[in-house]
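As stored in model_35.cif (mmCIF, C-alpha atoms):
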data_entry
loop_
_atom_site.group_PDB
_atom_site.id
_atom_site.type_symbol
_atom_site.label_atom_id
_atom_site.label_comp_id
_atom_site.auth_asym_id
_atom_site.auth_seq_id
_atom_site.Cartn_x
_atom_site.Cartn_y
_atom_site.Cartn_z
ATOM 1 C CA MET A 71 -0.429 -29.951 -38.789
ATOM 2 C CA ILE A 72 1.009 -32.484 -36.369
ATOM 3 C CA PRO A 73 -0.365 -32.317 -32.796
ATOM 4 C CA SER A 74 1.611 -29.758 -30.842
ATOM 5 C CA PHE A 75 2.996 -32.131 -28.252
ATOM 6 C CA SER A 76 6.101 -34.106 -29.174
ATOM 7 C CA LEU A 77 5.487 -37.416 -30.864
ATOM 8 C CA PRO A 78 7.024 -40.367 -29.026
ATOM 9 C CA HIS A 79 10.276 -41.627 -30.506
ATOM 10 C CA HIS A 80 8.614 -44.902 -31.510
ATOM 11 C CA TYR A 81 5.957 -43.097 -33.594
ATOM 12 C CA LYS A 82 7.510 -43.261 -37.053
ATOM 13 C CA LEU A 83 4.750 -44.466 -39.372
ATOM 14 C CA ASN A 84 2.724 -42.056 -41.471
ATOM 15 C CA TYR A 85 -0.609 -42.868 -39.829
ATOM 16 C CA GLN A 86 0.934 -42.293 -36.402
ATOM 17 C CA LYS A 87 2.218 -38.884 -37.426
ATOM 18 C CA ASN A 88 -1.176 -37.902 -38.842
ATOM 19 C CA SER A 89 -3.145 -39.567 -36.018
ATOM 20 C CA ASN A 90 -5.628 -41.255 -38.334
ATOM 21 C CA ILE A 91 -6.300 -44.196 -40.642
ATOM 22 C CA LEU A 92 -7.915 -43.628 -44.034
ATOM 23 C CA ALA A 93 -10.223 -46.070 -45.827
ATOM 24 C CA GLU A 94 -10.484 -44.190 -49.126
ATOM 25 C CA GLU A 95 -12.842 -46.667 -50.795
ATOM 26 C CA TYR A 96 -15.487 -46.103 -48.118
ATOM 27 C CA LYS A 97 -14.678 -42.444 -47.411
ATOM 28 C CA VAL A 98 -14.041 -43.219 -43.754
ATOM 29 C CA ILE A 99 -11.326 -41.824 -41.487
ATOM 30 C CA TYR A 100 -10.664 -43.234 -38.031
ATOM 31 C CA PHE A 101 -8.869 -41.072 -35.468
ATOM 32 C CA ASN A 102 -7.011 -43.446 -33.199
ATOM 33 C CA THR A 103 -7.123 -42.721 -29.479
ATOM 34 C CA GLN A 104 -5.095 -44.848 -27.089
ATOM 35 C CA LYS A 105 -6.994 -46.986 -24.544
ATOM 36 C CA ASN A 106 -10.243 -46.570 -26.505
ATOM 37 C CA ALA A 107 -10.496 -49.871 -28.433
ATOM 38 C CA ASN A 108 -7.507 -48.707 -30.470
ATOM 39 C CA SER A 109 -6.012 -52.182 -31.012
ATOM 40 C CA THR A 110 -9.417 -53.563 -31.935
ATOM 41 C CA MET A 111 -10.065 -50.888 -34.551
ATOM 42 C CA LYS A 112 -6.612 -51.202 -36.097
ATOM 43 C CA ALA A 113 -7.158 -54.941 -36.477
ATOM 44 C CA GLN A 114 -10.442 -54.107 -38.204
ATOM 45 C CA PHE A 115 -8.656 -51.823 -40.656
ATOM 46 C CA VAL A 116 -6.076 -54.507 -41.451
ATOM 47 C CA GLU A 117 -9.037 -56.603 -42.610
ATOM 48 C CA VAL A 118 -10.900 -53.772 -44.358
ATOM 49 C CA LEU A 119 -7.838 -52.564 -46.263
ATOM 50 C CA GLY A 120 -6.764 -56.084 -47.222
ATOM 51 C CA LEU A 121 -3.314 -55.743 -45.668
ATOM 52 C CA SER A 122 -1.120 -58.815 -45.436
ATOM 53 C CA LYS A 123 -1.177 -60.158 -41.903
ATOM 54 C CA THR A 124 2.058 -60.873 -40.112
ATOM 55 C CA LYS A 125 2.565 -63.991 -38.032
ATOM 56 C CA ASP A 126 2.079 -61.873 -34.900
ATOM 57 C CA PHE A 127 -1.281 -60.418 -35.958
ATOM 58 C CA PRO A 128 -3.168 -58.928 -34.162
ATOM 59 C CA LYS A 129 -0.624 -58.301 -31.405
ATOM 60 C CA ASP A 130 1.544 -56.143 -33.657
ATOM 61 C CA VAL A 131 -1.122 -53.828 -35.117
ATOM 62 C CA HIS A 132 0.496 -50.669 -33.756
ATOM 63 C CA TYR A 133 3.910 -50.857 -35.412
ATOM 64 C CA SER A 134 3.863 -53.445 -38.204
ATOM 65 C CA TYR A 135 1.309 -51.849 -40.520
ATOM 66 C CA ASN A 136 1.829 -48.572 -42.334
ATOM 67 C CA PHE A 137 -1.856 -47.726 -42.647
ATOM 68 C CA PRO A 138 -2.846 -45.091 -45.216
ATOM 69 C CA ALA A 139 -3.627 -41.758 -43.605
ATOM 70 C CA ALA A 140 -5.251 -38.458 -44.493
ATOM 71 C CA MET A 141 -2.999 -35.422 -44.340
ATOM 72 C CA GLN A 142 -4.144 -33.369 -41.383
ATOM 73 C CA SER A 143 -3.992 -30.160 -43.400
ATOM 74 C CA GLU A 144 -6.615 -31.580 -45.794
ATOM 75 C CA LEU A 145 -9.159 -32.921 -43.304
ATOM 76 C CA LEU A 146 -11.506 -29.958 -43.662
ATOM 77 C CA SER A 147 -11.046 -29.592 -47.419
ATOM 78 C CA THR A 148 -10.261 -32.743 -49.408
ATOM 79 C CA TYR A 149 -11.870 -34.973 -46.779
ATOM 80 C CA ARG A 150 -14.626 -32.589 -45.725
ATOM 81 C CA LYS A 151 -17.476 -34.973 -46.622
ATOM 82 C CA TYR A 152 -15.851 -38.154 -45.333
ATOM 83 C CA LEU A 153 -17.172 -39.820 -42.196
ATOM 84 C CA LYS A 154 -14.502 -38.997 -39.618
ATOM 85 C CA PHE A 155 -14.948 -40.785 -36.319
ATOM 86 C CA ILE A 156 -13.245 -41.038 -32.965
ATOM 87 C CA ILE A 157 -13.978 -43.301 -29.990
ATOM 88 C CA LEU A 158 -14.370 -41.653 -26.582
ATOM 89 C CA ARG A 159 -14.363 -43.229 -23.138
ATOM 90 C CA ASN A 160 -15.236 -42.401 -19.564
ATOM 91 C CA PRO A 161 -12.016 -40.716 -18.308
ATOM 92 C CA TRP A 162 -12.077 -42.482 -14.922
ATOM 93 C CA GLU A 163 -12.363 -45.873 -16.629
ATOM 94 C CA ARG A 164 -9.774 -44.981 -19.270
ATOM 95 C CA LEU A 165 -7.214 -44.036 -16.626
ATOM 96 C CA VAL A 166 -7.687 -47.352 -14.803
ATOM 97 C CA SER A 167 -7.290 -49.198 -18.109
ATOM 98 C CA CYS A 168 -4.063 -47.303 -18.739
ATOM 99 C CA TYR A 169 -2.802 -48.147 -15.270
ATOM 100 C CA LYS A 170 -3.614 -51.844 -15.544
ATOM 101 C CA SER A 171 -2.078 -52.335 -18.984
ATOM 102 C CA LYS A 172 0.984 -50.097 -18.696
ATOM 103 C CA ILE A 173 1.875 -49.628 -15.030
ATOM 104 C CA GLU A 174 0.418 -52.212 -12.667
ATOM 105 C CA SER A 175 2.198 -55.344 -13.878
ATOM 106 C CA SER A 176 5.983 -55.495 -13.788
ATOM 107 C CA SER A 177 5.796 -58.096 -16.578
ATOM 108 C CA LYS A 178 4.821 -55.413 -19.101
ATOM 109 C CA THR A 179 8.287 -55.080 -20.568
ATOM 110 C CA GLY A 180 8.540 -53.022 -23.718
ATOM 111 C CA GLU A 181 5.812 -50.637 -22.550
ATOM 112 C CA ASP A 182 8.096 -48.423 -20.496
ATOM 113 C CA TYR A 183 8.007 -45.565 -23.031
ATOM 114 C CA ILE A 184 5.011 -44.298 -21.061
ATOM 115 C CA LEU A 185 7.480 -43.591 -18.259
ATOM 116 C CA ASP A 186 9.098 -40.887 -20.388
ATOM 117 C CA SER A 187 6.333 -38.488 -19.328
ATOM 118 C CA SER A 188 7.726 -38.159 -15.817
ATOM 119 C CA PRO A 189 10.615 -39.481 -13.699
ATOM 120 C CA ASP A 190 8.021 -40.109 -10.979
ATOM 121 C CA LEU A 191 6.289 -42.849 -12.987
ATOM 122 C CA TYR A 192 7.460 -46.411 -12.462
ATOM 123 C CA ILE A 193 6.228 -49.934 -13.131
ATOM 124 C CA GLY A 194 4.263 -51.399 -10.241
ATOM 125 C CA MET A 195 3.478 -48.082 -8.531
ATOM 126 C CA PRO A 196 0.210 -47.907 -6.537
ATOM 127 C CA PHE A 197 -2.810 -46.539 -8.380
ATOM 128 C CA GLU A 198 -3.229 -43.629 -5.973
ATOM 129 C CA GLU A 199 0.349 -42.526 -6.610
ATOM 130 C CA PHE A 200 -0.137 -42.986 -10.357
ATOM 131 C CA VAL A 201 -3.154 -40.661 -10.286
ATOM 132 C CA GLU A 202 -1.199 -38.052 -8.333
ATOM 133 C CA VAL A 203 1.589 -38.058 -10.920
ATOM 134 C CA VAL A 204 -0.773 -38.030 -13.920
ATOM 135 C CA CYS A 205 -2.651 -35.080 -12.451
ATOM 136 C CA SER A 206 0.606 -33.142 -12.220
ATOM 137 C CA ILE A 207 1.507 -33.638 -15.903
ATOM 138 C CA PRO A 208 -0.053 -31.192 -18.395
ATOM 139 C CA ASP A 209 -1.460 -32.573 -21.631
ATOM 140 C CA SER A 210 1.373 -31.022 -23.623
ATOM 141 C CA LYS A 211 3.822 -33.287 -21.765
ATOM 142 C CA ALA A 212 1.595 -36.322 -21.205
ATOM 143 C CA ASP A 213 1.870 -39.691 -22.890
ATOM 144 C CA PHE A 214 -0.942 -40.362 -25.369
ATOM 145 C CA HIS A 215 -2.317 -43.124 -23.141
ATOM 146 C CA PHE A 216 -3.353 -40.696 -20.399
ATOM 147 C CA CYS A 217 -3.508 -37.418 -22.289
ATOM 148 C CA SER A 218 -7.024 -35.946 -22.234
ATOM 149 C CA GLN A 219 -9.162 -37.037 -25.157
ATOM 150 C CA ILE A 220 -10.232 -33.529 -26.119
ATOM 151 C CA TYR A 221 -6.563 -32.548 -26.378
ATOM 152 C CA LEU A 222 -5.874 -35.450 -28.721
ATOM 153 C CA ALA A 223 -8.886 -34.570 -30.860
ATOM 154 C CA LEU A 224 -8.208 -30.838 -31.045
ATOM 155 C CA TYR A 225 -5.744 -29.707 -33.700
ATOM 156 C CA ASP A 226 -3.227 -26.881 -33.531
ATOM 157 C CA ASP A 227 -5.270 -24.537 -35.695
ATOM 158 C CA GLY A 228 -8.212 -24.837 -33.322
ATOM 159 C CA THR A 229 -10.246 -27.210 -35.477
ATOM 160 C CA PHE A 230 -12.144 -30.306 -34.412
ATOM 161 C CA PRO A 231 -12.248 -32.367 -37.641
ATOM 162 C CA MET A 232 -14.339 -35.304 -36.388
ATOM 163 C CA ASN A 233 -17.981 -35.418 -37.427
ATOM 164 C CA TYR A 234 -18.980 -38.641 -35.678
ATOM 165 C CA LEU A 235 -18.342 -39.439 -32.006
ATOM 166 C CA CYS A 236 -18.493 -43.003 -30.685
ATOM 167 C CA ASN A 237 -19.042 -43.797 -27.034
ATOM 168 C CA MET A 238 -16.995 -46.782 -25.866
ATOM 169 C CA GLU A 239 -19.945 -47.943 -23.764
ATOM 170 C CA ASN A 240 -22.064 -48.404 -26.906
ATOM 171 C CA LEU A 241 -19.339 -49.080 -29.437
ATOM 172 C CA ALA A 242 -21.101 -51.992 -31.162
ATOM 173 C CA PHE A 243 -24.092 -49.746 -31.899
ATOM 174 C CA HIS A 244 -21.916 -46.961 -33.320
ATOM 175 C CA ILE A 245 -19.863 -49.318 -35.489
ATOM 176 C CA LYS A 246 -23.085 -50.812 -36.856
ATOM 177 C CA GLU A 247 -24.326 -47.329 -37.740
ATOM 178 C CA ILE A 248 -21.033 -46.426 -39.442
ATOM 179 C CA LYS A 249 -21.268 -49.642 -41.486
ATOM 180 C CA GLU A 250 -24.798 -48.756 -42.563
ATOM 181 C CA LYS A 251 -23.835 -45.205 -43.522
ATOM 182 C CA THR A 252 -20.675 -46.031 -45.477
ATOM 183 C CA GLY A 253 -20.727 -49.729 -46.366
ATOM 184 C CA ILE A 254 -17.367 -50.296 -44.692
ATOM 185 C CA PRO A 255 -17.196 -54.048 -43.908
ATOM 186 C CA PHE A 256 -16.349 -53.985 -40.218
ATOM 187 C CA THR A 257 -16.859 -57.383 -38.595
ATOM 188 C CA SER A 258 -17.713 -58.250 -34.998
ATOM 189 C CA LEU A 259 -15.575 -56.422 -32.474
ATOM 190 C CA PRO A 260 -13.527 -58.761 -30.278
ATOM 191 C CA GLN A 261 -11.804 -56.686 -27.618
ATOM 192 C CA LEU A 262 -8.055 -56.908 -28.188
ATOM 193 C CA ASN A 263 -5.290 -55.899 -25.809
ATOM 194 C CA LYS A 264 -7.820 -55.713 -22.994
ATOM 195 C CA SER A 265 -6.911 -55.457 -19.356
ATOM 196 C CA ALA A 266 -8.228 -58.130 -17.029
ATOM 197 C CA ASN A 267 -11.907 -57.634 -16.274
ATOM 198 C CA PHE A 268 -12.315 -54.929 -13.681
ATOM 199 C CA ARG A 269 -14.768 -52.490 -12.212
ATOM 200 C CA TYR A 270 -12.982 -49.198 -12.451
ATOM 201 C CA GLU A 271 -15.015 -47.705 -9.600
ATOM 202 C CA THR A 272 -13.259 -49.970 -7.082
ATOM 203 C CA PHE A 273 -9.925 -48.251 -7.741
ATOM 204 C CA TYR A 274 -11.106 -44.858 -6.563
ATOM 205 C CA THR A 275 -11.556 -43.032 -3.306
ATOM 206 C CA PRO A 276 -13.752 -39.905 -3.268
ATOM 207 C CA ASP A 277 -10.594 -37.808 -3.249
ATOM 208 C CA LEU A 278 -9.204 -39.541 -6.349
ATOM 209 C CA VAL A 279 -12.545 -39.205 -8.136
ATOM 210 C CA GLU A 280 -12.390 -35.447 -7.669
ATOM 211 C CA LYS A 281 -8.752 -35.186 -8.729
ATOM 212 C CA VAL A 282 -9.427 -37.047 -11.983
ATOM 213 C CA ALA A 283 -12.506 -34.885 -12.600
ATOM 214 C CA VAL A 284 -10.313 -31.790 -12.349
ATOM 215 C CA ARG A 285 -7.497 -33.292 -14.438
ATOM 216 C CA TYR A 286 -9.901 -34.259 -17.232
ATOM 217 C CA GLN A 287 -12.300 -31.375 -16.782
ATOM 218 C CA ALA A 288 -12.670 -30.765 -20.517
ATOM 219 C CA ASP A 289 -13.529 -34.420 -21.240
ATOM 220 C CA VAL A 290 -16.023 -34.467 -18.380
ATOM 221 C CA GLU A 291 -17.699 -31.208 -19.330
ATOM 222 C CA PHE A 292 -17.837 -31.434 -23.122
ATOM 223 C CA PHE A 293 -18.748 -35.125 -23.332
ATOM 224 C CA GLN A 294 -20.830 -35.152 -20.126
ATOM 225 C CA TYR A 295 -19.163 -38.121 -18.465
ATOM 226 C CA LYS A 296 -19.886 -38.929 -14.829
ATOM 227 C CA PHE A 297 -18.160 -41.266 -12.413
ATOM 228 C CA GLY A 298 -19.840 -44.662 -12.095
ATOM 229 C CA VAL A 299 -22.737 -43.736 -14.373
ATOM 230 C CA GLU A 300 -23.435 -44.790 -17.957
ATOM 231 C CA ASN A 301 -23.323 -41.785 -20.239
ATOM 232 C CA LYS A 302 -26.851 -41.260 -21.532
ATOM 233 C CA ASP A 303 -26.708 -37.470 -21.569
ATOM 234 C CA PHE A 304 -24.373 -36.702 -24.454
ATOM 235 C CA PRO A 305 -25.779 -37.105 -27.999
ATOM 236 C CA PHE A 306 -23.095 -39.385 -29.436
ATOM 237 C CA GLY A 307 -23.149 -40.119 -33.147
ATOM 238 C CA LYS A 308 -23.187 -37.417 -35.802
ATOM 239 C CA VAL A 309 -21.715 -34.173 -34.501
ATOM 240 C CA SER A 310 -23.877 -31.099 -34.922
ATOM 241 C CA GLU A 311 -22.147 -27.952 -36.124
ATOM 242 C CA SER A 312 -23.864 -25.951 -33.382
ATOM 243 C CA TRP A 313 -22.332 -28.184 -30.683
ATOM 244 C CA LYS A 314 -18.923 -27.955 -32.335
ATOM 245 C CA ASP A 315 -19.096 -24.153 -32.575
ATOM 246 C CA GLU A 316 -20.242 -23.855 -28.979
ATOM 247 C CA MET A 317 -17.436 -26.129 -27.793
ATOM 248 C CA LEU A 318 -14.698 -24.382 -29.762
ATOM 249 C CA ASN A 319 -15.829 -20.972 -28.510
ATOM 250 C CA HIS A 320 -16.011 -22.065 -24.888
ATOM 251 C CA PRO A 321 -13.491 -20.167 -22.681
ATOM 252 C CA MET A 322 -11.932 -23.469 -21.602
ATOM 253 C CA MET A 323 -11.306 -24.457 -25.211
ATOM 254 C CA ILE A 324 -9.944 -21.045 -26.142
ATOM 255 C CA THR A 325 -7.444 -21.385 -23.302
ATOM 256 C CA LEU A 326 -6.578 -24.915 -24.408
ATOM 257 C CA ILE A 327 -6.011 -23.792 -27.999
ATOM 258 C CA LYS A 328 -3.709 -21.011 -26.788
ATOM 259 C CA GLU A 329 -1.745 -23.525 -24.727
ATOM 260 C CA LYS A 330 -1.382 -25.812 -27.725
ATOM 261 C CA ASN A 331 -0.253 -22.925 -29.911
ATOM 262 C CA GLN A 332 2.299 -21.834 -27.308
ATOM 263 C CA GLU A 333 3.615 -25.370 -27.133
ATOM 264 C CA LEU A 334 3.778 -25.484 -30.926
ATOM 265 C CA LEU A 335 5.687 -22.188 -31.053
ATOM 266 C CA GLN A 336 8.104 -23.507 -28.459
ATOM 267 C CA GLN A 337 8.683 -26.620 -30.535
ATOM 268 C CA VAL A 338 9.220 -24.511 -33.655
ATOM 269 C CA LYS A 339 11.810 -22.448 -31.772
ATOM 270 C CA LEU A 340 13.538 -25.586 -30.534
ATOM 271 C CA LYS A 341 13.499 -27.030 -34.045
ATOM 272 C CA LYS A 342 15.003 -23.842 -35.477
ATOM 273 C CA LEU A 343 17.628 -23.838 -32.730
ATOM 274 C CA ALA A 344 18.483 -27.454 -33.516
ATOM 275 C CA GLN A 345 18.665 -26.612 -37.222
ATOM 276 C CA THR A 346 20.932 -23.634 -36.494
ATOM 277 C CA LYS A 347 23.230 -25.830 -34.430
ATOM 278 C CA GLU A 348 23.235 -28.421 -37.195
ATOM 279 C CA ILE A 349 24.066 -25.765 -39.809
ATOM 280 C CA LYS A 350 26.945 -24.446 -37.690
ATOM 281 C CA LYS A 351 28.216 -27.982 -37.222
ATOM 282 C CA MET A 352 28.022 -28.561 -40.975
ATOM 283 C CA GLU A 353 29.918 -25.318 -41.612
ATOM 284 C CA LYS A 354 32.657 -26.421 -39.215
ATOM 285 C CA ASP A 355 32.775 -29.819 -40.900
ATOM 286 C CA ILE A 356 33.103 -28.134 -44.309
ATOM 287 C CA VAL A 357 35.979 -25.936 -43.087
ATOM 288 C CA LYS A 358 37.627 -28.986 -41.564
ATOM 289 C CA LEU A 359 37.191 -30.895 -44.823
ATOM 290 C CA GLN A 360 38.648 -27.999 -46.814
ATOM 291 C CA ASN A 361 41.649 -27.857 -44.478
ATOM 292 C CA ASN A 362 42.096 -31.594 -44.826
ATOM 293 C CA GLN A 363 41.970 -31.264 -48.613
ATOM 294 C CA ARG A 364 44.627 -28.531 -48.551
ATOM 295 C CA GLU A 365 46.821 -30.688 -46.342
ATOM 296 C CA LEU A 366 46.289 -33.608 -48.700
ATOM 297 C CA HIS A 367 47.270 -31.486 -51.713
ATOM 298 C CA ALA A 368 50.400 -30.337 -49.881
ATOM 299 C CA ILE A 369 51.313 -33.916 -49.030
ATOM 300 C CA LYS A 370 50.738 -35.013 -52.614
ATOM 301 C CA ALA A 371 52.848 -32.116 -53.897
ATOM 302 C CA SER A 372 55.604 -33.074 -51.476
ATOM 303 C CA PHE A 373 55.539 -36.670 -52.678
ATOM 304 C CA VAL A 374 55.697 -35.546 -56.312
ATOM 305 C CA TRP A 375 58.645 -33.246 -55.584
ATOM 306 C CA LYS A 376 60.535 -36.018 -53.831
ATOM 307 C CA ALA A 377 59.671 -38.564 -56.503
ATOM 308 C CA ALA A 378 60.988 -36.203 -59.194
ATOM 309 C CA TYR A 379 64.380 -35.739 -57.459
ATOM 310 C CA PRO A 380 66.285 -38.241 -59.679
ATOM 311 C CA LEU A 381 64.850 -36.623 -62.799
ATOM 312 C CA ARG A 382 65.849 -33.189 -61.538
ATOM 313 C CA LYS A 383 69.422 -34.428 -61.027
ATOM 314 C CA VAL A 384 69.609 -35.742 -64.605
ATOM 315 C CA ILE A 385 68.233 -32.492 -66.015
ATOM 316 C CA SER A 386 70.673 -30.502 -63.914
ATOM 317 C CA PHE A 387 73.590 -32.654 -65.130
ATOM 318 C CA PHE A 388 72.752 -32.108 -68.805
ATOM 319 C CA LEU A 389 72.215 -28.413 -68.262
ATOM 320 C CA ARG A 390 75.649 -28.064 -66.701
ATOM 321 C CA LYS A 391 77.225 -30.188 -69.470
ATOM 322 C CA ASN A 392 75.650 -28.119 -72.213
ATOM 323 C CA THR A 393 76.766 -24.953 -70.502
ATOM 324 C CA HIS A 394 80.381 -26.101 -70.550
#
For this file, produce the structure as structure tokens.
Amino acid sequence: MIPSFSLPHHYKLNYQKNSNILAEEYKVIYFNTQKNANSTMKAQFVEVLGLSKTKDFPKDVHYSYNFPAAMQSELLSTYRKYLKFIILRNPWERLVSCYKSKIESSSKTGEDYILDSSPDLYIGMPFEEFVEVVCSIPDSKADFHFCSQIYLALYDDGTFPMNYLCNMENLAFHIKEIKEKTGIPFTSLPQLNKSANFRYETFYTPDLVEKVAVRYQADVEFFQYKFGVENKDFPFGKVSESWKDEMLNHPMMITLIKEKNQELLQQVKLKKLAQTKEIKKMEKDIVKLQNNQRELHAIKASFVWKAAYPLRKVISFFLRKNTH
């Protein structure tokens, strides 16, 4: 049950494919969301799981550690009672963080995979232009770093497996509560991979504020985020089943689920087409190999016939002699 959008080519590890990290001993599952303290939490799980640190720790937490993961198809069965948490963030702030860490500085070499989302994205582009491009890219085609958070959290079968929601603004409080509930030994939370200190509000004009509100309408509506205001309205923490049911049955979510399913069907069709092409190629290769084998047998037979010529002459001589 992989998310319906295509995984980036650099996403090869099991936890990346399943979009979560499993701490089996503590019955905790973390759903990683880019630009939401993701590096910080992965560093925490390196410690919690007792993984051997590389010399580049914690800079290499995304690709050097094959964290254990829960199979997505088992999240609501095998892992039904586990604490499953995700960290959410104000979408206006998250987009600025994405811009500053991935786009603004031309020195960010190695991060250009985010540019795969659109030919209109480029390193060093102005923020206003970046917002315009991001707003034109649907979630199904967007890079994880600026894909809407609700889209990342929602699975193809229309389920929302998380049962605990953390607000980035009060992350220390939520992590403390998770520790108390499960006993997982998270330590203090130094912010890793952080952009330079900034006030995200200064990046926006009223027009850009509105465009981002429309682009991330689901995040704004379901998690009650507002521009420039601390989120005190949404009841973060343990997710109530009534809220989850109401959200999943909302017309906006029903439309979103249909879009994800359509994207998934399209990917299945493309995969089948690729498999068909591969099968046809294999069939051609087999025929070619068979032809080559026949040619090889013919060549070998020719060599044997030529090599036996002296023997044939001797046999012919004795046959003629015996006849006379």
Spell out the residues picked by the PyMOL selection byres ((chain A and resi 204) around 9) here, as an NGL selection string.
-> :A and (187-188 or 191 or 199-203 or 205-208 or 212 or 216-217 or 282 or 285)
Explicit residue set for the PyMOL selection byres ((chain A and resi 141) around 12), as an MDAnalysis selection string = chainID A and resid 71:72 84:92 99 138:140 142:149 231
Of A:Tyr274, A:Phe293, A:Phe214, A:Tyr286, the one nearest to A:Asn108 when counting only C-alpha atoms is A:Phe214
Identify, on the basis of only C-alpha atoms, every residue whose closest approach to A:Ala107 does not exceed 12 Å; exclude the query and any residue fewer than 2 positions from it along the same chain; express the result as a PyMOL selection string.
-> chain A and resi 100-105+109-114+156-159+164+167-168+215+236-242+245+259-265
Give me the result of the PyMOL selection byres ((chain A and resi 302) around 12) on this file, residue by residue, as a ChimeraX atom specification.
-> /A:160,237,239-240,293-296,299-301,303-306
One decimal, Å: what's the distance from atom CA of A:Pro161 over to atom CA of A:Met232, could you say?
->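 Going from atom CA of A:Pro161 over to atom CA of A:Met232 covers 19.0 Å.
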Kindly indicate which residue among A:Leu222, A:Val357, A:Leu153, A:Met317 lies nearest to A:Val98, using all atoms listed in the file for the distances.
->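 Of the candidates, the smallest distance to A:Val98 is held by A:Leu153.
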Proximity to A:Ile220 - best of A:Phe292, A:Tyr234, A:Phe155, A:Phe273, only C-alpha atoms |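 Checking each candidate against A:Ile220, we get A:Phe292 as the closest.
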Atomic separation - atom CA of A:Asp209 relative to atom CA of A:Glu280, Å |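 Taking atom CA of A:Glu280 as the start and atom CA of A:Asp209 as the end point, the length is 18.0 Å.
The shortest atom-to-atom distance to A:His132, with only C-alpha atoms taken into account, belongs to A:Leu83 out of A:Val284, A:Ala93, A:Leu83, A:Thr325.
For the pair atom CA of A:Ile254 and atom CA of A:Glu311, the separation is 24.4 Å.
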Counting all atoms listed in the file, what is within 9 Å of stretch 119-123 of chain A, bar same-chain residues fewer than 4 positions away, as a list in words?
->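 Residues meeting the cut-off are Ala93, Glu95, Gln114, Phe115, Phe127, Pro128, Tyr135 and Phe137 of chain A.
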Of the residues A:Gln287, A:Ser310, A:Asn319, A:Ser258, which is the one nearest to A:Thr229, using all atoms listed in the file?
-> A:Asn319
In terms of only C-alpha atoms, the residue from A:Phe268, A:Phe297, A:Arg150, A:Glu198 at minimal distance from A:Ser171 is A:Phe268
Show which residues sit within 7 Å of A:Ile193, as an NGL selection string. Count all atoms listed in the file, and ignore same-chain residues fewer than 2 positions away.
-> :A and (173-176 or 195)
